[in-house]
Amino acid sequence: MKKLLYGVAYYDEYMPYNRLEQDIRMMKEAGINVVRIAESTWSTHEPQDGVFDFTSVDRVLDAMQAAGIHVIVGTPTYAVPTWMVKQHPDILATTENGPGKYGARQNMDITHPAYLFYAERIIRKLIGRVCKHPAVIGYQTDNETKHYHTAGPNVQLQFVKYMREKFKSLDVINKTFGLDYWSNRINSWEDFPSVIGTINGSLCAEFAKFQRKLVTDFLSWQVAIVNEYKQPHQFVTQNFDFEWRGHSYGVQPDVDHFAASQPFDITGVDIYHPSQDDLTGIEISFGGDMARSTKGSNYLVLETEAQAFLNWVPYPGQLRLQAFSHLASGANMVAYWHWHSIHNSFETYWKGLLSHDFEPNPVYNEAKTIGRDFARLSDKLVNLQKNNKTAILVSNESLTAMEWFKFSFTSTKKYNDVVRLVYDELYRMNVGCDFVDVSAENFDGYDLLIVPALYTASDRLLERLNDFVRCGGHIIYTFKSGFTDEHVKVRTVRQPGIISEACGISYQMFVEPKRVTLKGNPFNVEPEDNEVHTWMELITPDTAEVLAYYDHPHWGQYAAITQNTYGKGQAIYIGCMVSSQVMHKVLAHAVIQAGLWGADQKQAFPLITKTGVNEAGKTIRYYFNYSDHPAECAYPHGQGTELIGGTPVHTGQTIGLDRWGVKIIEEG
Amino acid sequence: MKKLLYGVAYYDEYMPYNRLEQDIRMMKEAGINVVRIAESTWSTHEPQDGVFDFTSVDRVLDAMQAAGIHVIVGTPTYAVPTWMVKQHPDILATTENGPGKYGARQNMDITHPAYLFYAERIIRKLIGRVCKHPAVIGYQTDNETKHYHTAGPNVQLQFVKYMREKFKSLDVINKTFGLDYWSNRINSWEDFPSVIGTINGSLCAEFAKFQRKLVTDFLSWQVAIVNEYKQPHQFVTQNFDFEWRGHSYGVQPDVDHFAASQPFDITGVDIYHPSQDDLTGIEISFGGDMARSTKGSNYLVLETEAQAFLNWVPYPGQLRLQAFSHLASGANMVAYWHWHSIHNSFETYWKGLLSHDFEPNPVYNEAKTIGRDFARLSDKLVNLQKNNKTAILVSNESLTAMEWFKFSFTSTKKYNDVVRLVYDELYRMNVGCDFVDVSAENFDGYDLLIVPALYTASDRLLERLNDFVRCGGHIIYTFKSGFTDEHVKVRTVRQPGIISEACGISYQMFVEPKRVTLKGNPFNVEPEDNEVHTWMELITPDTAEVLAYYDHPHWGQYAAITQNTYGKGQAIYIGCMVSSQVMHKVLAHAVIQAGLWGADQKQAFPLITKTGVNEAGKTIRYYFNYSDHPAECAYPHGQGTELIGGTPVHTGQTIGLDRWGVKIIEEG
Amino acid sequence: MKKLLYGVAYYDEYMPYNRLEQDIRMMKEAGINVVRIAESTWSTHEPQDGVFDFTSVDRVLDAMQAAGIHVIVGTPTYAVPTWMVKQHPDILATTENGPGKYGARQNMDITHPAYLFYAERIIRKLIGRVCKHPAVIGYQTDNETKHYHTAGPNVQLQFVKYMREKFKSLDVINKTFGLDYWSNRINSWEDFPSVIGTINGSLCAEFAKFQRKLVTDFLSWQVAIVNEYKQPHQFVTQNFDFEWRGHSYGVQPDVDHFAASQPFDITGVDIYHPSQDDLTGIEISFGGDMARSTKGSNYLVLETEAQAFLNWVPYPGQLRLQAFSHLASGANMVAYWHWHSIHNSFETYWKGLLSHDFEPNPVYNEAKTIGRDFARLSDKLVNLQKNNKTAILVSNESLTAMEWFKFSFTSTKKYNDVVRLVYDELYRMNVGCDFVDVSAENFDGYDLLIVPALYTASDRLLERLNDFVRCGGHIIYTFKSGFTDEHVKVRTVRQPGIISEACGISYQMFVEPKRVTLKGNPFNVEPEDNEVHTWMELITPDTAEVLAYYDHPHWGQYAAITQNTYGKGQAIYIGCMVSSQVMHKVLAHAVIQAGLWGADQKQAFPLITKTGVNEAGKTIRYYFNYSDHPAECAYPHGQGTELIGGTPVHTGQTIGLDRWGVKIIEEG
């Protein structure tokens with residue numbers, strides 16, 4: 001990437017009247033230098049089977065080129081035309097809820113040959129047509145691709161073959177998945193029942209893994225086609241998204257981001273987050289850290305919110321704060337979904353940079369200042385390199401298994417709640433981190449590894465984690481880690497199984513805490529924050545030192561949090577769901593022990609700081625004020641220049657930040 | 001109508017033993033002078049295909065005639081016999097939930113030719129048989145007819161033809177409905193997908209409009225058949241009902257009452273409402289005003305509650321209060337559903353005037369006093385004429401569109417909440433009003449027009465509303481008015497679009513209020529009532545005067561409520577959801593400005609007064625005490641006679657009202 | 001039964017590795033003397049159609065026999081193999097939700113001939129093979145058998161024939177079920193619609209009764225087959241369960257326990273209950289009283305919890321308390337589901353006596369003390385005979401009808417809430433009771449009969465109840481009793497119909513209480529406990545004395561609770577849902593009047609006492625402390641020996657009980 005990209009998704013096809021010229025004029029005024037097009041409009045480009053019409057693509061490309069705006073062209077495969085479904089209704093994914101219905105996007109069977117035939121044809125037609133156009137800098141394959149829970153008979157058949165390929169024999173499968181239970185044994189391949197309806201959590205988890213593999217395979221197939229046309233200066237990306245809880249929340253359940261991102265030149269993501277009084281920057285940081293970690297490199301924010309919903313319309317200053325926060329995590333592009341608000345259909349109230357009236361408005365006006373600063377500071381801010389010593393280990397397999405085996409009948413907590421419990425506190429104490437996943441061959445380069453709820457893991461992975469500690473690493477496990485093997489079979493030894501060795505503890509029983517606190521408030525938090533909830537393991541320390549005991553009339557002899565020296569390293573085990581405040585204290589303790597406590601830890605949320613090294617090899621330090629009140633802090637690093645204002649900054653100087661303000665210091 | 005009707009629904013067919021003679025004796029004692037029969041009992045009257053048995057109809061007609069009780073005969077088409085569905089299962093409506101199941105009423109496809117064939121035959125047999133019977137004064141077609149969400153392939157086909165008829169070309173449809181979005185374009189008529197599953201709000205709204213038209217057409221078809229038999233002194237009516245929220249609540253979503261009532265001689269409705277401590281009279285007034293407005297004339301309350309449910313059993317006095325409240329809104333008939341409580345099946349706990357024991361009970365005993373007074377005062381109270389200067393403009397199209405485009409992901413508020421927010425406050429301040437709908441050619445005769453959430457409206461309607469103001473009318477709009485055109489396409493200009501002209505304002509952004517109040521409490525209400533909720537538009541006044549600003553750290557410069565002089569009239573715009581108390585104040589302000597504030601406004605809920613002119617040309621003034629405590633008020637009008645007690649009343653005299661009491665004064 | 005059985009469910013088939021020898025060693029250490037096997041593992045024993053493999057059964061039988069552990073063999077019919085459903089998909093029950101899906105247990109159509117064919121074959125193969133094995137002491141048919149809501153076309157056909165057999169003519173059916181209503185008449189047998197979809201509560205209730213009969217018939221059929229093999233010293237039992245509300249709660253809706261238990265030699269049940277701070281012993285007592293009452297004899301607890309869930313892991317002492325509580329209600333066996341925690345599939349977190357690690361743990365260690373005491377005290381505690389003078393009359397018909405006709409639209413209360421309201425208070429005051437059902441020919445032997453919400457009852461039953469009072473019995477009815485006949489047709493006379501005679505009251509109206517109390521707090525309870533809720537009947541006493549009036553501005557003249565002398569007996573009628581505290585007072589009053597107030601009533605929950613007579617004819621008195629604090633009480637009975645400690649106990653002596661402690665005194 002040569003420069004920062006500031007963009008919007010643009011749909012000429014949706015316009016109520018011809019506005020291309022006016023739109024481009026307004027884009028230029030806002031510093032927009034890239035648009036994303038075409039990924040949603042298959043039915044416009046192929047109005048009938050084999051009839052193609054790329055008029056709108058051509059005219060947008062030409063007009064953008066004339067204006068000096070780059071274009072990312074999407075393959076339009078995530079929303080299928082009416083004629084296709086009329087002709088081949090079974091193109092829609094059959095799920096546990098039955099056959100699909102036409103209407104929404106992202107409802108097809110991504111393994112269906114008819115769909116694949118049509119998809120390949122439109123991709124070749126479209127990409128073949130635009131690839132030599134000078135406006136085109138890259139491609140996006142499909143959009144927010146997932147498996148859409150496809151599980152019809154044809155998918156079931158593929159799954160059975162996948163199982164045979166992987167496990168060879170039914171004897172192995174029956175044993176591995178515990179199918180004797182409730183008479184679920186499969187004794188002949190023909191008898192393999194549809195996974196829809198299974199009550200076997202291991203089989204369910206394997207099917208989910210298989211479904212995630214379908215996504216990886218489908219994207220890889222699209223990339224291979226696009227690569228046939230891609231020019232040397234162009235890239236191929238994908239717009240990944242995250243677990244959705246009304247906004248981007250955590251690890252994506254339905255896609256294995258680490259595997260699926262491999263064929264791409266660069267990872268793209270969309271990040272949507274709470275705003276107004278609820279804007280914290282956590283989701284921007286989380287999504288960015290995840291995107292950056294997939295390929296260990298910079299990434300694109302292909303979509304984020306402009307005005308969006310009622311409760312997301314940004315306060316003055318917030319749009320700027322958000323844009324620079326993306327850069328601070330390593331983004332090279334920030335693009336809004338979408339340029340203009342849509343006048344019909346489904347997302348009418350997901351407002352773009354412009355309202356339905358296409359006129360300048362306060363949010364658009366703020367974007368103009370961002371575009372100006374992006375252009376001005378591009379050389380200094382593009383391609384920021386991060387070098388984190390802390391990583392969080394995440395696991396789609398654990399997430400899936402914990403969907404099935406919930407904490408309890410009533411708890412709404414899930415895997416990502418545990419991930420966020422640790423991530424959020426790292427963020428709040430300004431400890432930068434990467435993500436690693438279970439495919440990581442080693443954890444070299446990290447001093448501190450945090451492992452939330454690694455419920456499902458192979459012996460080999462757990463042994464690698466023991467090795468990491470033995471060789472001097474610091475690790476923090478939470479409850480539930482190590483409990484089952486990679487087939488979601490519970491280990492047949494005292495828990496937490498293999499990692500007991502590094503942790504120096506064991507437990508046999510776990511209960512639901514009711515009015516249970518940590519004995520003596522060892523982390524010195526407010527009384528209500530000293531309570532544990534949702535889950536508690538009754539831990540017996542072996543070689544471990546106890547950091548906290550439970551306070552309970554019957555279970556007071558058991559440990560809640562322990563710490564163990566193992567080889568040259570140290571392992572902390574947190575056996576219960578604790579408050580954010582206690583988690584903060586435990587993490588801080590571990591950060592200190594790992595020797596990672598530095599000057600940035602003198603500041604904490606809402607004052608957020610992020611660091612990286614720019615292409616000139618200089619350290620860039622971002623300071624963000626995620627609050628509605630002005631703030632200030634002493635600048636602890638080497639002297640430099642505040643880039644937005646262009647003023648020099650000295651060590652120890654007080655930096656002032658407006659409410660929702662941002663400053664960027666280039667050291668040296 | 002020559003006299004007041006006091007009635008019950010009567011089902012000889014449901015009786016556990018032959019009680020006709022005793023029932024009629026008890027009816028006579030209670031002053032019941034009309035019964036409604038036959039609309040629910042097709043399977044009794046046609047036990048097998050083409051086999052007819054009207055024994056129960058004949059004997060009831062004869063017995064009623066002998067007793068001097070009139071009969072309204074219903075066409076029994078809203079509940080189909082077992083044999084019909086066994087023979088033609090597809091008579092049941094296919095909906096988005098799939099094919100129907102036999103059991104409930106109101107589950108058929110009202111467009112299905114087999115159903116229509118059978119329906120026509122039973123109508124001709126039944127009505128042909130009874131039309132000359134002297135007991136019969138009128139007919140009810142079907143019952144609470146709606147479209148039952150019929151949406152099967154045959155209905156879809158009709159819809160496609162309707163769309164072609166209406167819009168001529170797919171190009172127009174694609175453009176009008178924004179079908180390029182998410183690849184939903186239809187490029188060949190054969191490709192038109194089922195509307196079930198669509199994600200296009202405009203298409204959804206059009207389908208809902210089409211479905212409402214099916215109801216209008218079906219009823220019109222029934223009326224035409226019945227009219228062939230109708231004798232000069234007989235009438236045809238329909239039992240319309242309202243949006244149901246456990247009781248009659250607001251505008252009926254599935255029927256266009258104004259259009260559907262046209263072929264009928266008189267509008268009939270059912271009105272069910274909360275009772276006991278929750279009895280306010282609002283639903284009686286609302287349903288009555290709507291029924292009266294459909295044809296600008298008196299109406300029938302074909303069903304209302306007697307004992308009904310656990311929580312509706314009336315306190316002593318309430319049944320009387322309710323009965324006279326119906327008359328005060330212009331009803332000529334009050335009838336209970338139903339005479340006796342039913343011993344089996346579904347509505348066993350929807351109790352009638354009699355309990356299951358058929359014996360006199362406190363509620364029945366109170367009905368006797370009503371029957372006596374109705375008979376005694378019939379000449380003075382029948383055919384009450386109302387002359388309101390205030391009207392509320394309602395819109396089924398807006399209601400439907402706002403079902404799709406809700407205020408937010410979490411809000412449960414709907415169109416009818418806004419309608420009721422204004423209606424209820426008018427009621428509480430004793431301002432009588434009519435309803436008009438979007439088909440109104442003009443608003444002549446009204447001084448004040450209130451327009452709640454007119455989300456969907458044609459340019460022409462909005463221009464008519466501007467004209468109304470320009471020519472001296474007073475208007476109050478709430479938020480969301482004027483936002484989309486009649487195809488639910490958002491206008492492409494600053495909001496509120498066309499009505500900006502009369503309102504003298506514009507806005508581009510809207511947000512969700514959290515802890516937002518009106519600055520400086522301009523309406524002087526309790527602090528908690530000064531808060532706004534659910535929705536707020538960030539209004540910039542142009543020529544308008546600001547009645548209230550928002551109090552908010554970032555949006556304090558925007559207006560919440562404005563008032564504008566335009567031509568000879570005035571337009572108030574309320575940009576946010578306010579409390580009842582603030583709405584009350586704004587409405588009172590508008591009523592005063594429109595010159596409509598009168599003597600009746602000195603009283604307010606729970607003391608309700610209603611006025612009209614009787615056949616003798618004299619003014620009738622009803623006074624109701626909707627409270628559990630006795631009340632009194634000074635009588636401000638000309639001298640007259642209190643009709644129930646038969647005592648004279650002088651101007652300025654204090655009138656006393658028992659708890660749940662009623663008085664009726666005939667002026668002059 | 002010769003001795004107390006202490007057991008576990010054991011699944012050799014589920015073991016992750018061969019542990020049989022170690023398991024048996026650990027069982028012996030814990031005093032386990034019986035295991036239950038084979039009921040869940042059909043697919044292991046018949047891996048393909050007609051291919052049998054009983055290896056695991058054989059080896060477990062031999063090993064158990066060698067160790068002196070008895071075996072109960074289950075017929076494995078409640079969970080069907082994969083091959084069977086692949087071959088005959090329609091073996092799965094079609095319900096109102098459509099066809100079934102393979103995966104879970106208990107999802108078959110228990111009337112399907114293909115299923116019955118396969119079931120009979122595996123039963124004959126398995127039972128024929130094991131019946132002569134010396135380890136086998138008995139058999140369990142199927143498991144927790146219910147009808148699984150089977151309602152497909154074949155079941156519907158059987159139902160129509162059942163209706164014709166029972167009612168002979170459609171005229172009778174139309175009249176009895178009120179089918180004229182909403183045009184539901186059936187005028188030809190061919191027209192009989194599927195009961196799925198019916199809105200007729202009477203028909204629904206009849207179908208539920210028919211479905212319960214399917215269970216009775218199916219179990220009877222299985223018993224007849226097993227009986228062909230059963231040896232003289234062996235028994236056949238069934239594992240009945242209860243209404244499930246996250247634990248065993250009340251009368252089982254889907255099985256008629258009294259009818260279904262007839263063919264069995266002994267009744268078996270499973271009982272699961274809240275634990276930790278929520279352990280009260282009520283469910284143990286309730287389930288035991290019900291099981292004992294079905295055949296008037298001792299029973300088996302075939303399943304209860306060991307560690308179970310997060311929130312059920314017992315505190316120290318609770319497992320012992322529970323075990324002896326079962327014995328105190330007449331159980332001869334206490335068995336845990338299950339021996340070991342399962343490593344895959346569905347019930348991984350329903351933990352057994354052992355955790356997944358198979359090692360001794362605190363719960364297992366406590367079981368060892370129980371096993372030891374069971375063995376030591378077996379002769380004294382086995383075959384305890386109870387002689388209760390109080391009974392509760394329960395009715396599946398009333399339960400079903402009240403599912404359809406709920407208290408109100410919003411109430412979540414059901415029939416079993418009323419049953420438990422009375423049962424729990426009897427338990428808390430240490431009044432032992434039996435259950436009787438509506439098939440009871442008389443109530444001889446009981447002094448006090450409690451009749452909660454007998455909504456549905458034949459004239460004959462109600463007359464028998466009147467007779468009971470007339471002849472000197474004491475009876476307590478709650479609201480809703482006597483309201484409908486056995487076809488859920490509301491009686492056509494003043495309520496409560498036939499029992500008005502004994503109760504000396506009548507009512508015509510019932511309402512929902514809001515802020516209604518009992519006038520003057522007649523039972524002297526805390527103000528909040530004096531409130532009534534959910535339901536109130538407006539009672540007019542005839543000959544009855546009023547125990548409580550309502551306090552309400554409009555309904556204060558009506559009675560809430562009455563008492564009437566009738567013949568030699570007395571009938572109390574409770575017309576509203578009262579608090580536990582008021583129910584306690586009313587029950588105590590009735591117990592006193594019935595002459596049943598004794599020494600045990602000086603103690604109350606949490607100090608629970610239970611009594612019976614052992615085989616030696618001596619009175620056994622259990623004392624349980626259901627609390628987390630030590631307790632003591634004066635022992636009021638004749639001198640004897642405390643069996644656990646082996647110490648003498650004198651009349652009047654203070655007995656101390658540990659928290660969650662138990663003592664057992666043998667009198668004389």
# chains A, B, ... in the order shown; residues from 1 in each chain; ligands from 1
>>> closest_atom_pairs(of="chain C", to="chain A", cutoff="7 Å", atoms="only C-alpha atoms", output="tab-separated table")
residue	atom	partner	partner_atom	distance
C:Glu13	CA	A:Asp180	CA	6.3
C:Tyr14	CA	A:Asp180	CA	6.1
C:Ser40	CA	A:Trp182	CA	5.1
C:Thr41	CA	A:Ser183	CA	4.7
C:Trp42	CA	A:Ser183	CA	5.4
C:Ser43	CA	A:Ser183	CA	4.6
C:Thr44	CA	A:Asp180	CA	6.3
C:Pro47	CA	A:Asn187	CA	5.7
C:Gln48	CA	A:Asn187	CA	6.7
C:Ala79	CA	A:Ser183	CA	5.7
C:Val80	CA	A:Ser183	CA	6.1
C:Pro81	CA	A:Ser183	CA	5.4
C:Thr82	CA	A:Asp191	CA	5.7
C:Trp83	CA	A:Asp191	CA	5.1
C:Lys86	CA	A:Asp191	CA	5.8
C:Lys101	CA	A:Gly197	CA	5.5
C:Tyr102	CA	A:Gly197	CA	5.7
C:Gly103	CA	A:Thr198	CA	4.1
C:Ala104	CA	A:Ile199	CA	5.7
C:Arg105	CA	A:Trp182	CA	6.3
C:Leu310	CA	A:Val511	CA	4.1
C:Asn311	CA	A:Glu512	CA	5.1
C:Val313	CA	A:Val511	CA	6.6
C:Tyr315	CA	A:His554	CA	6.5
C:His343	CA	A:Val490	CA	4.7
C:Asn344	CA	A:Lys489	CA	5.1
C:Ser345	CA	A:Asn200	CA	3.8
C:Phe346	CA	A:Asn200	CA	5.5
C:Ser355	CA	A:Gln508	CA	6.3
C:His356	CA	A:Thr492	CA	5.4
C:Asp357	CA	A:Val493	CA	4.3
>>> closest_residue(among="B:Ala328, B:Val662, B:Ala30, B:Ile91", to="Gln385 (chain B)", atoms="only C-alpha atoms")
B:Ala328
>>> closest_atom_pairs(of="region 559-667 of chain B", to="region 445-458 of chain B", cutoff="12 Å", atoms="only C-alpha atoms", output="Markdown table")
| residue | atom | partner | partner_atom | distance |
| --- | --- | --- | --- | --- |
| B:Lys568 | CA | B:Asp447 | CA | 11.8 |
| B:Gly569 | CA | B:Asp447 | CA | 9.5 |
| B:Gln570 | CA | B:Leu448 | CA | 9.6 |
| B:Ala571 | CA | B:Leu449 | CA | 9.5 |
| B:Ile572 | CA | B:Ile450 | CA | 9.4 |
| B:Tyr573 | CA | B:Val451 | CA | 9.6 |
| B:Ile574 | CA | B:Pro452 | CA | 9.4 |
| B:Gly575 | CA | B:Ala453 | CA | 10.1 |
| B:Cys576 | CA | B:Ala453 | CA | 10.5 |
| B:Met577 | CA | B:Ala453 | CA | 10.4 |
| B:Met583 | CA | B:Pro452 | CA | 11.6 |
| B:Val586 | CA | B:Ile450 | CA | 11.4 |
| B:Leu587 | CA | B:Ile450 | CA | 9.0 |
| B:Ala588 | CA | B:Leu448 | CA | 11.4 |
| B:His589 | CA | B:Leu448 | CA | 11.5 |
| B:Ala590 | CA | B:Leu448 | CA | 7.9 |
| B:Val591 | CA | B:Leu448 | CA | 7.3 |
| B:Ile592 | CA | B:Leu448 | CA | 10.2 |
| B:Gln593 | CA | B:Leu448 | CA | 9.3 |
| B:Ala594 | CA | B:Asp447 | CA | 6.3 |
| B:Gly595 | CA | B:Asp447 | CA | 8.3 |
| B:Leu596 | CA | B:Asp447 | CA | 8.1 |
| B:Trp597 | CA | B:Leu448 | CA | 11.5 |
>>> residues_around(residues="region 363-378 of chain C", least_positions_apart="3", cutoff="10 Å", atoms="only C-alpha atoms", output="number ranges by chain")
A: 509; C: 2-7, 26-33, 306-307, 313-321, 323-324, 327, 332-334, 339, 352-355, 359-360, 381-383, 643-644
>>> atom_distance(atom1="CA of Tyr349 (chain B)", atom2="CA of Gly556 (chain C)")
22.9 Å
>>> residues_around(residues="region 432-440 of chain C", least_positions_apart="2", cutoff="8 Å", atoms="only C-alpha atoms", output="ChimeraX atom specification")
/C:258,289-290,292-294,388-395,426-427,430,442-443,457,461,610
>>> write_last_selection(atoms="C-alpha atoms", output="compact mmCIF listing (two decimals), in the first residue's frame")
# COMPACT_ATOMS: atom_id res chain seq x y z
CA PHE C 258 -52.08 -44.96 38.43
CA ASP C 289 -45.60 -40.44 47.98
CA MET C 290 -46.81 -40.61 44.40
CA ARG C 292 -45.88 -45.49 46.74
CA SER C 293 -49.52 -44.55 46.15
CA THR C 294 -49.70 -46.01 42.62
CA ASN C 388 -51.48 -42.13 56.23
CA LYS C 389 -54.89 -40.74 57.13
CA THR C 390 -54.58 -37.84 54.71
CA ALA C 391 -54.71 -38.03 50.94
CA ILE C 392 -54.53 -35.62 48.03
CA LEU C 393 -56.80 -36.30 45.07
CA VAL C 394 -55.02 -35.65 41.77
CA SER C 395 -56.42 -35.65 38.28
CA LEU C 426 -48.52 -30.58 54.39
CA TYR C 427 -44.87 -31.53 54.04
CA ASN C 430 -44.97 -33.05 58.87
CA ASN C 442 -63.78 -44.94 47.55
CA PHE C 443 -61.71 -42.98 50.02
CA ALA C 457 -64.66 -34.56 37.07
CA LEU C 461 -66.81 -38.78 41.27
CA LYS C 610 -41.29 -39.25 58.63
>>> residues_around(residues="Ser506 (chain B)", least_positions_apart="3", cutoff="9 Å", atoms="only C-alpha atoms", output="ChimeraX atom specification")
/B:494-497,500,503,538-542
>>> write_last_selection(atoms="all heavy atoms", output="CSV table (one decimal), in the first residue's frame")
chain,number,residue,atom,x,y,z
B,494,ARG,N,-34.4,17.4,1.8
B,494,ARG,CA,-34.4,17.6,3.2
B,494,ARG,C,-35.8,17.3,3.8
B,494,ARG,O,-36.8,17.6,3.2
B,494,ARG,CB,-34.1,19.0,3.6
B,494,ARG,CG,-32.6,19.3,3.4
B,494,ARG,CD,-32.2,20.5,4.3
B,494,ARG,NE,-30.8,20.7,4.1
B,494,ARG,CZ,-30.0,21.3,5.0
B,494,ARG,NH1,-30.5,21.6,6.2
B,494,ARG,NH2,-28.7,21.4,4.8
B,495,GLN,N,-35.8,16.6,4.9
B,495,GLN,CA,-37.0,16.3,5.6
B,495,GLN,C,-37.6,17.5,6.3
B,495,GLN,O,-36.8,18.3,6.7
B,495,GLN,CB,-36.8,15.1,6.5
B,495,GLN,CG,-36.5,13.8,5.7
B,495,GLN,CD,-37.6,13.3,4.9
B,495,GLN,OE1,-38.7,13.8,4.9
B,495,GLN,NE2,-37.3,12.3,4.0
B,496,PRO,N,-38.8,17.5,6.6
B,496,PRO,CA,-39.9,16.6,6.3
B,496,PRO,C,-40.4,16.8,4.9
B,496,PRO,O,-41.6,16.6,4.7
B,496,PRO,CB,-40.9,16.8,7.3
B,496,PRO,CG,-40.8,18.3,7.7
B,496,PRO,CD,-39.4,18.6,7.5
B,497,GLY,N,-39.6,17.1,3.9
B,497,GLY,CA,-40.0,17.1,2.5
B,497,GLY,C,-41.0,18.2,2.2
B,497,GLY,O,-40.9,19.3,2.6
B,500,SER,N,-42.3,20.7,4.7
B,500,SER,CA,-41.4,21.7,5.2
B,500,SER,C,-41.9,23.1,4.9
B,500,SER,O,-41.7,24.0,5.7
B,500,SER,CB,-40.0,21.5,4.6
B,500,SER,OG,-39.4,20.3,4.9
B,503,CYS,N,-44.4,24.0,7.5
B,503,CYS,CA,-43.9,23.9,8.8
B,503,CYS,C,-42.7,24.8,9.1
B,503,CYS,O,-42.3,25.1,10.2
B,503,CYS,CB,-43.4,22.5,9.2
B,503,CYS,SG,-44.8,21.3,9.2
B,538,LEU,N,-33.5,16.1,14.6
B,538,LEU,CA,-32.6,17.3,14.9
B,538,LEU,C,-33.1,18.4,14.0
B,538,LEU,O,-32.5,18.6,12.9
B,538,LEU,CB,-31.2,16.9,14.8
B,538,LEU,CG,-30.7,15.7,15.6
B,538,LEU,CD1,-29.2,15.5,15.5
B,538,LEU,CD2,-31.1,15.9,17.1
B,539,ILE,N,-34.0,19.2,14.5
B,539,ILE,CA,-34.7,20.1,13.6
B,539,ILE,C,-34.0,21.5,13.6
B,539,ILE,O,-33.6,22.0,14.6
B,539,ILE,CB,-36.2,20.3,14.1
B,539,ILE,CG1,-36.9,19.0,13.9
B,539,ILE,CG2,-36.9,21.5,13.4
B,539,ILE,CD1,-38.3,19.0,14.5
B,540,THR,N,-33.9,22.0,12.4
B,540,THR,CA,-33.4,23.4,12.2
B,540,THR,C,-34.6,24.2,11.7
B,540,THR,O,-35.2,23.9,10.7
B,540,THR,CB,-32.3,23.4,11.1
B,540,THR,OG1,-31.3,22.5,11.5
B,540,THR,CG2,-31.8,24.8,10.9
B,541,PRO,N,-35.0,25.2,12.5
B,541,PRO,CA,-36.1,26.1,12.1
B,541,PRO,C,-35.7,26.9,10.9
B,541,PRO,O,-34.5,27.4,10.8
B,541,PRO,CB,-36.4,26.9,13.3
B,541,PRO,CG,-35.2,26.9,14.1
B,541,PRO,CD,-34.4,25.6,13.8
B,542,ASP,N,-36.6,27.1,10.0
B,542,ASP,CA,-36.3,28.1,8.9
B,542,ASP,C,-37.2,29.3,9.3
B,542,ASP,O,-36.7,30.3,9.9
B,542,ASP,CB,-36.7,27.4,7.6
B,542,ASP,CG,-36.6,28.3,6.4
B,542,ASP,OD1,-36.0,29.4,6.5
B,542,ASP,OD2,-37.1,27.9,5.3
>>> atom_distance(atom1="CA of Gly281 (chain B)", atom2="CA of Ser325 (chain B)")
7.2 Å
>>> select_by_dssp(residues="region 71-264 of chain C", states="alpha helix (DSSP H)", output="PyMOL selection string")
chain C and resi 82-87+113-130+153-167+170-177+201-227+257-260
